[in-house]
Structure formats: structure tokens, C-alpha cells
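Chemist: The following file, start.cif, comprises mmCIF, C-alpha atoms and all ligand atoms:
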data_my_file
loop_
_atom_site.group_PDB
_atom_site.id
_atom_site.type_symbol
_atom_site.label_atom_id
_atom_site.label_comp_id
_atom_site.auth_asym_id
_atom_site.auth_seq_id
_atom_site.Cartn_x
_atom_site.Cartn_y
_atom_site.Cartn_z
ATOM 1 C CA MET A 1 -6.313 -1.171 52.396
ATOM 2 C CA LEU A 2 -8.034 0.884 55.079
ATOM 3 C CA THR A 3 -11.120 -1.041 56.163
ATOM 4 C CA GLY A 4 -12.905 -1.513 59.475
ATOM 5 C CA ASN A 5 -11.606 -0.013 62.702
ATOM 6 C CA ARG A 6 -8.366 -1.980 62.878
ATOM 7 C CA PRO A 7 -5.364 0.163 62.095
ATOM 8 C CA ASP A 8 -3.423 -1.048 59.092
ATOM 9 C CA PRO A 9 -0.001 -2.112 60.366
ATOM 10 C CA GLY A 10 1.553 -1.046 57.061
ATOM 11 C CA LEU A 11 0.792 2.645 57.615
ATOM 12 C CA PRO A 12 3.275 5.050 59.230
ATOM 13 C CA LYS A 13 2.721 5.874 62.893
ATOM 14 C CA GLU A 14 1.449 9.407 62.216
ATOM 15 C CA VAL A 15 -1.325 8.005 60.080
ATOM 16 C CA MET A 16 -2.459 5.407 62.647
ATOM 17 C CA MET A 17 -4.325 8.074 64.608
ATOM 18 C CA PHE A 18 -6.544 8.565 61.573
ATOM 19 C CA ALA A 19 -7.501 4.904 61.579
ATOM 20 C CA ARG A 20 -11.164 5.485 62.306
ATOM 21 C CA PRO A 21 -13.292 5.932 59.147
ATOM 22 C CA LEU A 22 -14.263 9.546 59.821
ATOM 23 C CA HIS A 23 -10.668 10.487 60.480
ATOM 24 C CA ARG A 24 -9.614 8.676 57.341
ATOM 25 C CA ALA A 25 -12.042 10.745 55.316
ATOM 26 C CA VAL A 26 -10.567 13.912 56.823
ATOM 27 C CA LEU A 27 -7.055 12.691 56.026
ATOM 28 C CA LEU A 28 -8.061 11.970 52.450
ATOM 29 C CA ILE A 29 -9.480 15.477 52.018
ATOM 30 C CA VAL A 30 -6.302 16.998 53.477
ATOM 31 C CA LEU A 31 -4.101 14.920 51.171
ATOM 32 C CA VAL A 32 -6.162 15.757 48.079
ATOM 33 C CA GLY A 33 -6.019 19.435 49.058
ATOM 34 C CA LEU A 34 -2.262 19.256 49.487
ATOM 35 C CA SER A 35 -1.760 17.514 46.166
ATOM 36 C CA LEU A 36 -3.866 20.151 44.372
ATOM 37 C CA ALA A 37 -1.924 22.979 45.986
ATOM 38 C CA ALA A 38 1.343 21.246 45.179
ATOM 39 C CA HIS A 39 0.498 21.166 41.493
ATOM 40 C CA ALA A 40 -0.388 24.829 40.998
ATOM 41 C CA TYR A 41 1.334 26.191 37.898
ATOM 42 C CA GLU A 42 4.672 27.676 38.875
ATOM 43 C CA GLY A 43 5.940 29.249 35.638
ATOM 44 C CA PRO A 44 5.736 32.914 34.622
ATOM 45 C CA LEU A 45 2.493 34.666 33.684
ATOM 46 C CA PHE A 46 1.944 37.066 30.782
ATOM 47 C CA ASP A 47 -1.105 39.029 31.894
ATOM 48 C CA ALA A 48 -3.157 40.062 28.870
ATOM 49 C CA HIS A 49 -5.759 42.186 30.645
ATOM 50 C CA LEU A 50 -4.719 44.873 33.130
ATOM 51 C CA HIS A 51 -5.941 48.461 33.473
ATOM 52 C CA TYR A 52 -3.816 51.280 34.855
ATOM 53 C CA ASN A 53 -5.510 54.664 35.082
ATOM 54 C CA PRO A 54 -5.486 57.803 37.286
ATOM 55 C CA ALA A 55 -7.956 56.166 39.695
ATOM 56 C CA HIS A 56 -5.356 53.475 40.446
ATOM 57 C CA ALA A 57 -2.284 55.675 40.832
ATOM 58 C CA ASP A 58 -2.865 56.450 44.541
ATOM 59 C CA THR A 59 -2.772 52.738 45.257
ATOM 60 C CA VAL A 60 0.127 51.841 42.964
ATOM 61 C CA ALA A 61 2.431 54.696 41.872
ATOM 62 C CA PRO A 62 3.752 54.441 38.310
ATOM 63 C CA ASP A 63 7.153 53.248 39.458
ATOM 64 C CA GLY A 64 5.415 50.638 41.617
ATOM 65 C CA VAL A 65 3.603 48.958 38.713
ATOM 66 C CA GLY A 66 6.592 46.841 37.615
ATOM 67 C CA PRO A 67 7.373 45.651 41.163
ATOM 68 C CA ALA A 68 3.665 44.892 41.811
ATOM 69 C CA LEU A 69 3.554 42.713 38.694
ATOM 70 C CA ALA A 70 6.869 41.017 39.421
ATOM 71 C CA GLY A 71 5.740 40.338 42.997
ATOM 72 C CA ALA A 72 2.708 38.483 41.629
ATOM 73 C CA GLY A 73 4.878 36.429 39.261
ATOM 74 C CA ILE A 74 3.682 38.390 36.218
ATOM 75 C CA ARG A 75 6.677 38.752 33.938
ATOM 76 C CA ARG A 76 5.021 40.741 31.143
ATOM 77 C CA ALA A 77 1.672 42.479 30.864
ATOM 78 C CA VAL A 78 -0.742 44.141 28.481
ATOM 79 C CA ILE A 79 -1.922 47.344 30.150
ATOM 80 C CA LEU A 80 -4.987 49.190 28.855
ATOM 81 C CA ALA A 81 -4.291 52.869 29.494
ATOM 82 C CA ARG A 82 -6.250 56.114 29.192
ATOM 83 C CA ASP A 83 -3.557 58.449 30.423
ATOM 84 C CA ASP A 84 -0.395 58.754 28.324
ATOM 85 C CA GLU A 85 1.758 60.282 31.051
ATOM 86 C CA LEU A 86 0.886 57.652 33.631
ATOM 87 C CA ILE A 87 1.536 54.690 31.370
ATOM 88 C CA GLU A 88 4.771 56.243 30.117
ATOM 89 C CA ALA A 89 5.971 56.701 33.689
ATOM 90 C CA ALA A 90 5.120 53.073 34.461
ATOM 91 C CA MET A 91 6.903 51.913 31.309
ATOM 92 C CA ARG A 92 10.026 53.967 31.979
ATOM 93 C CA ALA A 93 10.263 52.339 35.420
ATOM 94 C CA ALA A 94 9.718 48.828 33.996
ATOM 95 C CA PRO A 95 11.424 48.836 30.595
ATOM 96 C CA GLY A 96 10.235 46.168 28.210
ATOM 97 C CA GLY A 97 7.733 44.396 30.428
ATOM 98 C CA ILE A 98 4.635 46.470 29.632
ATOM 99 C CA VAL A 99 2.697 46.208 26.352
ATOM 100 C CA PRO A 100 0.525 49.377 26.166
ATOM 101 C CA PHE A 101 -2.979 49.310 24.678
ATOM 102 C CA LEU A 102 -4.791 52.516 23.802
ATOM 103 C CA ASP A 103 -7.956 52.752 25.893
ATOM 104 C CA VAL A 104 -10.317 55.010 23.944
ATOM 105 C CA TYR A 105 -12.475 56.032 26.920
ATOM 106 C CA ARG A 106 -12.296 59.498 28.403
ATOM 107 C CA PRO A 107 -12.790 59.853 32.136
ATOM 108 C CA PRO A 108 -15.259 59.234 33.576
ATOM 109 C CA ALA A 109 -15.291 56.032 31.560
ATOM 110 C CA ASP A 110 -17.673 56.489 28.646
ATOM 111 C CA LYS A 111 -18.311 52.766 28.436
ATOM 112 C CA GLY A 112 -21.914 53.296 27.412
ATOM 113 C CA GLY A 113 -21.535 56.136 24.911
ATOM 114 C CA TRP A 114 -18.256 55.865 22.971
ATOM 115 C CA MET A 115 -19.914 54.050 20.066
ATOM 116 C CA HIS A 116 -22.017 57.146 19.319
ATOM 117 C CA ASP A 117 -19.092 59.606 19.435
ATOM 118 C CA SER A 118 -18.389 60.274 15.767
ATOM 119 C CA ASP A 119 -15.203 62.286 16.538
ATOM 120 C CA LEU A 120 -13.624 59.373 18.349
ATOM 121 C CA PRO A 121 -11.949 57.622 15.387
ATOM 122 C CA GLU A 122 -10.110 60.828 14.383
ATOM 123 C CA ARG A 123 -8.916 61.443 17.944
ATOM 124 C CA MET A 124 -7.660 57.873 18.165
ATOM 125 C CA ARG A 125 -5.932 58.111 14.800
ATOM 126 C CA ALA A 126 -4.028 61.167 16.072
ATOM 127 C CA ARG A 127 -3.028 59.410 19.311
ATOM 128 C CA LEU A 128 -1.886 56.303 17.467
ATOM 129 C CA ASP A 129 0.143 58.432 15.035
ATOM 130 C CA ALA A 130 1.737 60.354 17.903
ATOM 131 C CA GLY A 131 2.586 57.154 19.770
ATOM 132 C CA LEU A 132 4.241 57.232 23.179
ATOM 133 C CA GLU A 133 7.694 58.504 24.034
ATOM 134 C CA THR A 134 8.506 54.982 25.106
ATOM 135 C CA GLY A 135 7.353 53.470 21.784
ATOM 136 C CA ASP A 136 4.184 52.666 19.885
ATOM 137 C CA TRP A 137 0.763 51.685 21.115
ATOM 138 C CA ARG A 138 0.469 47.932 20.620
ATOM 139 C CA GLY A 139 -3.284 47.415 20.614
ATOM 140 C CA ILE A 140 -6.661 49.105 21.150
ATOM 141 C CA GLY A 141 -9.241 48.451 23.869
ATOM 142 C CA GLU A 142 -11.015 47.408 25.869
ATOM 143 C CA LEU A 143 -14.211 48.290 23.972
ATOM 144 C CA HIS A 144 -17.494 47.432 25.706
ATOM 145 C CA LEU A 145 -20.045 46.726 23.015
ATOM 146 C CA PHE A 146 -23.245 44.724 23.002
ATOM 147 C CA ALA A 147 -25.431 43.255 20.296
ATOM 148 C CA GLU A 148 -27.794 46.226 19.894
ATOM 149 C CA ASP A 149 -24.872 48.568 19.044
ATOM 150 C CA ARG A 150 -22.885 46.223 16.835
ATOM 151 C CA HIS A 151 -23.576 48.214 13.650
ATOM 152 C CA SER A 152 -22.024 51.379 15.096
ATOM 153 C CA PRO A 153 -19.886 53.141 12.426
ATOM 154 C CA VAL A 154 -17.510 54.207 15.223
ATOM 155 C CA PHE A 155 -16.857 50.557 16.087
ATOM 156 C CA GLU A 156 -16.312 49.756 12.421
ATOM 157 C CA ALA A 157 -13.832 52.636 12.030
ATOM 158 C CA LEU A 158 -11.835 51.536 15.106
ATOM 159 C CA LEU A 159 -11.749 47.917 13.995
ATOM 160 C CA VAL A 160 -10.508 48.855 10.511
ATOM 161 C CA MET A 161 -7.957 51.273 12.007
ATOM 162 C CA ALA A 162 -6.592 48.597 14.327
ATOM 163 C CA HIS A 163 -6.373 46.028 11.562
ATOM 164 C CA GLU A 164 -4.664 48.386 9.097
ATOM 165 C CA ARG A 165 -1.991 49.039 11.686
ATOM 166 C CA GLY A 166 -1.575 45.393 12.606
ATOM 167 C CA LEU A 167 -2.948 45.984 16.112
ATOM 168 C CA PRO A 168 -5.174 43.610 18.065
ATOM 169 C CA LEU A 169 -8.519 44.952 19.306
ATOM 170 C CA MET A 170 -9.886 43.911 22.694
ATOM 171 C CA ILE A 171 -13.670 43.613 22.806
ATOM 172 C CA HIS A 172 -15.820 43.031 25.877
ATOM 173 C CA GLY A 173 -19.029 41.985 24.210
ATOM 174 C CA ASP A 174 -21.685 39.630 22.985
ATOM 175 C CA PRO A 175 -21.181 36.870 20.406
ATOM 176 C CA ALA A 176 -23.120 38.965 17.854
ATOM 177 C CA VAL A 177 -20.438 41.672 18.189
ATOM 178 C CA ILE A 178 -17.723 39.140 17.369
ATOM 179 C CA ASP A 179 -19.714 38.049 14.301
ATOM 180 C CA ARG A 180 -20.013 41.692 13.258
ATOM 181 C CA ALA A 181 -16.269 42.274 13.750
ATOM 182 C CA TYR A 182 -15.422 39.391 11.415
ATOM 183 C CA GLU A 183 -18.056 40.508 8.912
ATOM 184 C CA ILE A 184 -16.205 43.855 8.740
ATOM 185 C CA GLU A 185 -12.695 42.429 8.707
ATOM 186 C CA PRO A 186 -12.274 38.640 8.374
ATOM 187 C CA GLU A 187 -8.555 38.771 9.220
ATOM 188 C CA ALA A 188 -8.756 40.988 12.318
ATOM 189 C CA VAL A 189 -6.986 39.883 15.484
ATOM 190 C CA VAL A 190 -9.673 40.186 18.154
ATOM 191 C CA LEU A 191 -9.150 39.531 21.845
ATOM 192 C CA TRP A 192 -12.428 38.528 23.471
ATOM 193 C CA ALA A 193 -12.275 39.839 27.027
ATOM 194 C CA HIS A 194 -13.311 37.358 29.752
ATOM 195 C CA ALA A 195 -14.006 34.800 26.985
ATOM 196 C CA GLY A 196 -17.190 36.727 26.223
ATOM 197 C CA THR A 197 -20.353 37.774 27.991
ATOM 198 C CA PHE A 198 -21.826 34.241 27.943
ATOM 199 C CA PRO A 199 -18.961 32.021 29.092
ATOM 200 C CA HIS A 200 -20.313 28.658 28.001
ATOM 201 C CA PRO A 201 -17.591 26.289 26.767
ATOM 202 C CA ASP A 202 -19.639 25.045 23.774
ATOM 203 C CA LEU A 203 -20.313 28.547 22.560
ATOM 204 C CA ILE A 204 -16.721 29.723 23.015
ATOM 205 C CA GLY A 205 -15.409 26.624 21.215
ATOM 206 C CA ASP A 206 -17.824 27.259 18.370
ATOM 207 C CA TYR A 207 -16.565 30.853 17.954
ATOM 208 C CA LEU A 208 -12.895 29.875 18.120
ATOM 209 C CA GLY A 209 -13.600 27.282 15.434
ATOM 210 C CA ARG A 210 -15.291 29.863 13.208
ATOM 211 C CA TYR A 211 -12.686 32.621 13.514
ATOM 212 C CA PRO A 212 -9.017 31.569 13.458
ATOM 213 C CA ASN A 213 -7.728 34.998 14.600
ATOM 214 C CA LEU A 214 -10.031 35.204 17.616
ATOM 215 C CA HIS A 215 -8.355 34.847 21.022
ATOM 216 C CA ALA A 216 -9.962 34.905 24.452
ATOM 217 C CA ASP A 217 -8.658 36.026 27.819
ATOM 218 C CA LEU A 218 -9.848 34.234 30.923
ATOM 219 C CA SER A 219 -9.789 37.215 33.277
ATOM 220 C CA MET A 220 -12.628 37.211 35.858
ATOM 221 C CA ARG A 221 -13.218 33.495 35.214
ATOM 222 C CA SER A 222 -11.086 31.856 37.907
ATOM 223 C CA GLU A 223 -14.081 30.876 40.037
ATOM 224 C CA ARG A 224 -15.761 29.158 37.128
ATOM 225 C CA LEU A 225 -12.525 27.411 36.140
ATOM 226 C CA THR A 226 -11.799 26.168 39.628
ATOM 227 C CA GLY A 227 -15.289 24.793 40.207
ATOM 228 C CA ASP A 228 -15.478 22.811 43.450
ATOM 229 C CA GLY A 229 -11.727 22.288 43.575
ATOM 230 C CA PHE A 230 -11.401 20.772 40.122
ATOM 231 C CA MET A 231 -11.696 22.367 36.707
ATOM 232 C CA PRO A 232 -15.029 21.280 35.178
ATOM 233 C CA LEU A 233 -14.413 18.758 32.402
ATOM 234 C CA GLU A 234 -16.049 20.803 29.677
ATOM 235 C CA TRP A 235 -13.616 23.646 30.444
ATOM 236 C CA GLN A 236 -10.650 21.275 30.458
ATOM 237 C CA ASP A 237 -11.713 19.943 27.062
ATOM 238 C CA LEU A 238 -12.144 23.455 25.663
ATOM 239 C CA LEU A 239 -8.789 24.780 26.906
ATOM 240 C CA ILE A 240 -6.929 21.696 25.686
ATOM 241 C CA ALA A 241 -8.650 21.702 22.274
ATOM 242 C CA HIS A 242 -7.838 25.403 21.735
ATOM 243 C CA ALA A 243 -4.657 25.658 23.794
ATOM 244 C CA ASP A 244 -3.153 28.228 21.413
ATOM 245 C CA ARG A 245 -6.064 30.694 21.683
ATOM 246 C CA PHE A 246 -6.458 31.462 25.393
ATOM 247 C CA LEU A 247 -4.721 34.059 27.563
ATOM 248 C CA VAL A 248 -4.725 34.874 31.276
ATOM 249 C CA GLY A 249 -5.458 38.200 32.979
ATOM 250 C CA VAL A 250 -6.150 39.663 36.414
ATOM 251 C CA ASP A 251 -8.199 42.618 35.055
ATOM 252 C CA THR A 252 -7.259 45.368 37.521
ATOM 253 C CA PHE A 253 -10.349 47.456 36.805
ATOM 254 C CA SER A 254 -10.262 48.912 40.341
ATOM 255 C CA ALA A 255 -7.718 49.993 42.945
ATOM 256 C CA THR A 256 -8.893 47.046 45.060
ATOM 257 C CA ARG A 257 -7.962 44.609 42.301
ATOM 258 C CA TRP A 258 -4.484 46.179 42.169
ATOM 259 C CA ARG A 259 -4.177 45.687 45.943
ATOM 260 C CA GLU A 260 -5.226 42.034 45.581
ATOM 261 C CA ILE A 261 -3.183 41.269 42.480
ATOM 262 C CA ASP A 262 -1.116 38.543 44.221
ATOM 263 C CA ALA A 263 -4.218 36.610 45.271
ATOM 264 C CA HIS A 264 -5.788 36.859 41.805
ATOM 265 C CA ALA A 265 -2.565 35.665 40.148
ATOM 266 C CA GLU A 266 -2.479 32.776 42.611
ATOM 267 C CA ALA A 267 -6.057 31.806 41.709
ATOM 268 C CA ILE A 268 -5.026 31.710 38.040
ATOM 269 C CA ARG A 269 -2.062 29.480 38.897
ATOM 270 C CA THR A 270 -4.406 27.112 40.744
ATOM 271 C CA TRP A 271 -6.633 26.408 37.728
ATOM 272 C CA LEU A 272 -3.682 26.357 35.339
ATOM 273 C CA GLY A 273 -2.370 23.543 37.527
ATOM 274 C CA HIS A 274 -5.345 21.391 36.512
ATOM 275 C CA LEU A 275 -4.198 21.382 32.872
ATOM 276 C CA PRO A 276 -1.428 19.396 31.175
ATOM 277 C CA GLY A 277 1.884 21.238 31.632
ATOM 278 C CA ASP A 278 2.389 22.232 27.991
ATOM 279 C CA VAL A 279 -1.181 23.560 27.726
ATOM 280 C CA ALA A 280 -0.794 25.550 30.952
ATOM 281 C CA ALA A 281 2.479 27.075 29.735
ATOM 282 C CA ARG A 282 0.930 28.229 26.482
ATOM 283 C CA ILE A 283 -2.109 29.767 28.142
ATOM 284 C CA ALA A 284 -0.035 31.340 30.927
ATOM 285 C CA PHE A 285 2.642 32.866 28.727
ATOM 286 C CA GLY A 286 3.373 31.418 25.290
ATOM 287 C CA ASN A 287 0.249 32.585 23.448
ATOM 288 C CA ALA A 288 0.605 36.163 24.649
ATOM 289 C CA GLU A 289 4.305 36.131 23.836
ATOM 290 C CA ARG A 290 3.483 35.074 20.276
ATOM 291 C CA LEU A 291 0.834 37.806 19.950
ATOM 292 C CA PHE A 292 2.559 40.707 21.737
ATOM 293 C CA GLY A 293 6.263 39.925 22.170
ATOM 294 C CA GLY A 294 7.855 42.330 24.638
ATOM 295 C CA GLY A 295 10.762 41.983 27.049
ATOM 296 C CA ASP A 296 10.701 40.872 30.655
ATOM 297 C CA LEU A 297 10.203 43.128 33.664
HETATM 298 ZN ZN ZN A 301 -11.182 45.016 31.760
#
Just give me the structure of the file as C-alpha cells.
Modeler:
Amino acid sequence: MLTGNRPDPGLPKEVMMFARPLHRAVLLIVLVGLSLAAHAYEGPLFDAHLHYNPAHADTVAPDGVGPALAGAGIRRAVILARDDELIEAAMRAAPGGIVPFLDVYRPPADKGGWMHDSDLPERMRARLDAGLETGDWRGIGELHLFAEDRHSPVFEALLVMAHERGLPLMIHGDPAVIDRAYEIEPEAVVLWAHAGTFPHPDLIGDYLGRYPNLHADLSMRSERLTGDGFMPLEWQDLLIAHADRFLVGVDTFSATRWREIDAHAEAIRTWLGHLPGDVAARIAFGNAERLFGGGDL
């Protein structure tokens, strides 16, 4: 045991220099840091929340999307796309690895107004019917929708359309919107972006318990999940209790996020490393594989 100022004769020579209490504390911090880093999750990621749009193409060309993902250890990815030609070019260069979601927004992003655009469902029906040259659209979203707009008929039409076609719908919204979605269609597969607008473990656990087809991606939540170096216990409990319902994502909503994709993927690996191995593997890859399938990059 390391007590007092007398070096412990049982310790290796390199450690003797840290014999004084302050130095021992420093050594302990270094060792804990090393052990945390050593246990970061090392398996593949299936990113369930990426955007790739014209604003990102100067930073990552379509044929660079696959290599950018592979470089970050992302083996497959859901990409929310507004521009058919761009996503098709990315998919042709990375066959199999990209799962395309139809992003209903028109540039500039009509995040705030789409739910009042009564022509939108018909336009989306036509795009879904037409599909892509590289295959079908595999989901719809991301839809930003908050409690005050939850009774929008446009939202209802899109939700029903997605469900009829067996497509998941990604919603960035309040808990009341999730309640409304399941009031409209109790069997819908809904992906709750960022695990919702109020990321409190109790609340998320309550919603996952209520709605068996609800899944949640943990994009933009790495800071919260890493805490002060350890994953907060209430998050650990939540992710373990619902290990089959969570997904990971970098959420490349900007060109900067595309440039920093490696660092964001690494942050995800760090918090995944704080979970039991089988839980981490499901959240990192297995759950998305079950939902979306797809081939590897
Ligand atoms: Zn997003």
C-alpha cells in the first residue's frame, strides 16, 4: 500500500519517483485516464443520423462520403438527403453502405414551416414512388416538430405514408409529438432524434416503455453521456435497460461537422466503452442493422 513518504519497495523503479502523495495522486489520474482510453469501444459503428446536402458537398465530394465514413470507423450509415442527385452519387461511390432517408425540406431548410405546407404530402408521395436510381428510399426525416404543431394534418399524412410503406420516420421533437404520433399510428416505427428535446433519462425510459416501436438516436449527446469522464449512472441504467432501442449518430448538420467526423465518432466510442460489451455492440451497430439492414462500405 502507498502510505507516508517512504517509497514502497514492491513498486517498479519507474513508479518510485511518484512516491510522494501529490505525485501519487497524479499517477493515479494518469492511470485512470489510460484505462478509460484503453477501453473505448473498438467495433464498427452504424451511424443512424447523418445529413448530406448541397451545403456539404464542397467539403466532402459525393465520392468522398464513403471514405470519410470508413475513415471514422463508420461501416454503414443512414443519410438524410434533400438532393437526389447528390445522394445517388454518394451511393454509387459507396455501394451498399448508405441507407437513404427522404428529407422533406426544400432549401433553404423549411424547418419552421413544412408542417403548414399542404402540398408537401403529395410531393413526397411522388418522390417515394419514383425512388432513386440506386434503389428505394428507406425512411423519412428528419422532421422538426414541437408540441404546438403536433396536430398538423401534414405531419399526420407523412406519418401514415411512412407507416403504410414500412418506412421509419425520424422526428426531432417534444414528448407531446411522440404521443401524437402513436395516437395516429400505434404501430409506427419512430426514430426520436437526439433522444428527444428534453434528454432526461427518466422521461426517455418512460416513453420507451410506453411505445415498443420507438427508438432513439444519441447524436449530439456525447458530452452528456461522458459526464466528468464517466457515464452518469442514470444514463448507464437507461441504456442497459433498453439496450435494443438506442442508436448512435454524428449528425453532420454542417460542413464543420463533416470535417470533424473522426473526432465525433471517437467521442461516441469513448462513452460506448463505459457500457457492457454486448450493450455497446447493440447500440453501436446491431440495433441499426436490425432496423435498416444494408451492406458494408
Ligand atoms: Zn439532424
Chemist: Which one is closest to ligand ZN 301 (chain A): A:Ala48, A:Ile261, A:Ile74, A:Leu159? Count only C-alpha atoms and all ligand atoms.
Modeler: A:Ala48
Chemist: Name the residues in contact with Arg106 of chain A at a cut-off of 12 Å, using only C-alpha atoms, excluding same-chain residues fewer than 2 positions from it; report them as number ranges by chain.
Modeler: A: 53-54, 81-84, 102-104, 108-114, 117, 120, 123-124
Chemist: In the coordinate frame of the file, compute which residues have an atom within 10 Å of (-13.2, 49.7, 38.0) when using all atoms listed in the file, and state them as a PyMOL selection string.
Modeler: chain A and resi 51+53+55-56+109+251-257
Chemist: Mind telling me what the PyMOL selection byres (((chain A and resi 46) around 6) and not hetatm) catches here, as a list in words?
Modeler: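 This file, filtered by the PyMOL selection byres (((chain A and resi 46) around 6) and not hetatm), leaves Leu45, Asp47, Ile74, Arg75, Arg76, Ala77 and Phe285 of chain A.
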Chemist: Determine the residue membership of the PyMOL selection byres (((not hetatm)) within 10 of (chain A and resi 301)) for the file above and supply it as number ranges by chain.
Modeler: A: 48-51, 79-80, 141-144, 170-172, 193-194, 219-220, 249-254
Chemist: What is the atom CA of Pro95 of chain A to atom CA of His163 of chain A distance in Å?
Modeler: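 Taking atom CA of Pro95 of chain A as the start and atom CA of His163 of chain A as the end point, the length is 26.2 Å.
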Chemist: Assuming the chain letters and numbering stay as they are in my file, what does the PyMOL selection byres (((chain A and resi 274) around 9) and not hetatm) actually select? List them as an NGL selection string.
Modeler: :A and (36 or 39-41 or 226 or 230-231 or 236 or 270-273 or 275-277 or 280)
Chemist: Can you measure atom CA of Glu164 of chain A to atom CA of Arg138 of chain A for me? One decimal in Å is fine.
Modeler: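 It comes out at 12.6 Å.
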Chemist: Restricting the calculation to all atoms listed in the file, which member of A:Leu239, A:Asp262, A:Ile283, A:Ala267 is positioned closest to Gly71 of chain A?
Modeler: A:Asp262
Chemist: Using all atoms listed in the file, which of A:Leu145, A:Glu260, A:Ala281, A:Ser152 sits nearest Gly43 of chain A?
Modeler: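 Checking each of A:Leu145, A:Glu260, A:Ala281, A:Ser152 against Gly43 of chain A, counting all atoms listed in the file, the winner is A:Ala281.
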Chemist: Show me, as JSON lines, the residues of segment 238-259 of chain A having an atom within 12 Å of segment 286-297 of chain A, each with the closest atom pair and its distance in Å, using all atoms listed in the file.
Modeler:
{"residue": "A:His242", "atom": "CA", "partner": "A:Asn287", "partner_atom": "CA", "distance": 11.0}
{"residue": "A:Ala243", "atom": "CA", "partner": "A:Asn287", "partner_atom": "CA", "distance": 8.5}
{"residue": "A:Asp244", "atom": "CA", "partner": "A:Asn287", "partner_atom": "CA", "distance": 5.9}
{"residue": "A:Arg245", "atom": "CA", "partner": "A:Asn287", "partner_atom": "CA", "distance": 6.8}
{"residue": "A:Phe246", "atom": "CA", "partner": "A:Asn287", "partner_atom": "CA", "distance": 7.1}
{"residue": "A:Leu247", "atom": "CA", "partner": "A:Ala288", "partner_atom": "CA", "distance": 6.4}
{"residue": "A:Val248", "atom": "CA", "partner": "A:Ala288", "partner_atom": "CA", "distance": 8.6}
{"residue": "A:Gly249", "atom": "CA", "partner": "A:Ala288", "partner_atom": "CA", "distance": 10.5}
Chemist: Can you tell me, as a list in words, which residues sit within 10 Å of (-3.6, 43.2, 17.8) in the file's frame, using only C-alpha atoms?
Modeler: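 Output: Phe101, Arg138, Gly139, Ile140, Gly141, Ala162, His163, Arg165, Gly166, Leu167, Pro168, Leu169, Met170, Ala188, Val189, Val190, Leu191, Asn213, Leu291 and Phe292 of chain A.
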Chemist: Take atom CA of Val177 of chain A and atom CA of Ile98 of chain A and report the distance between them in Å, one decimal.
Modeler: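 Interatomic distance here is 28.0 Å.
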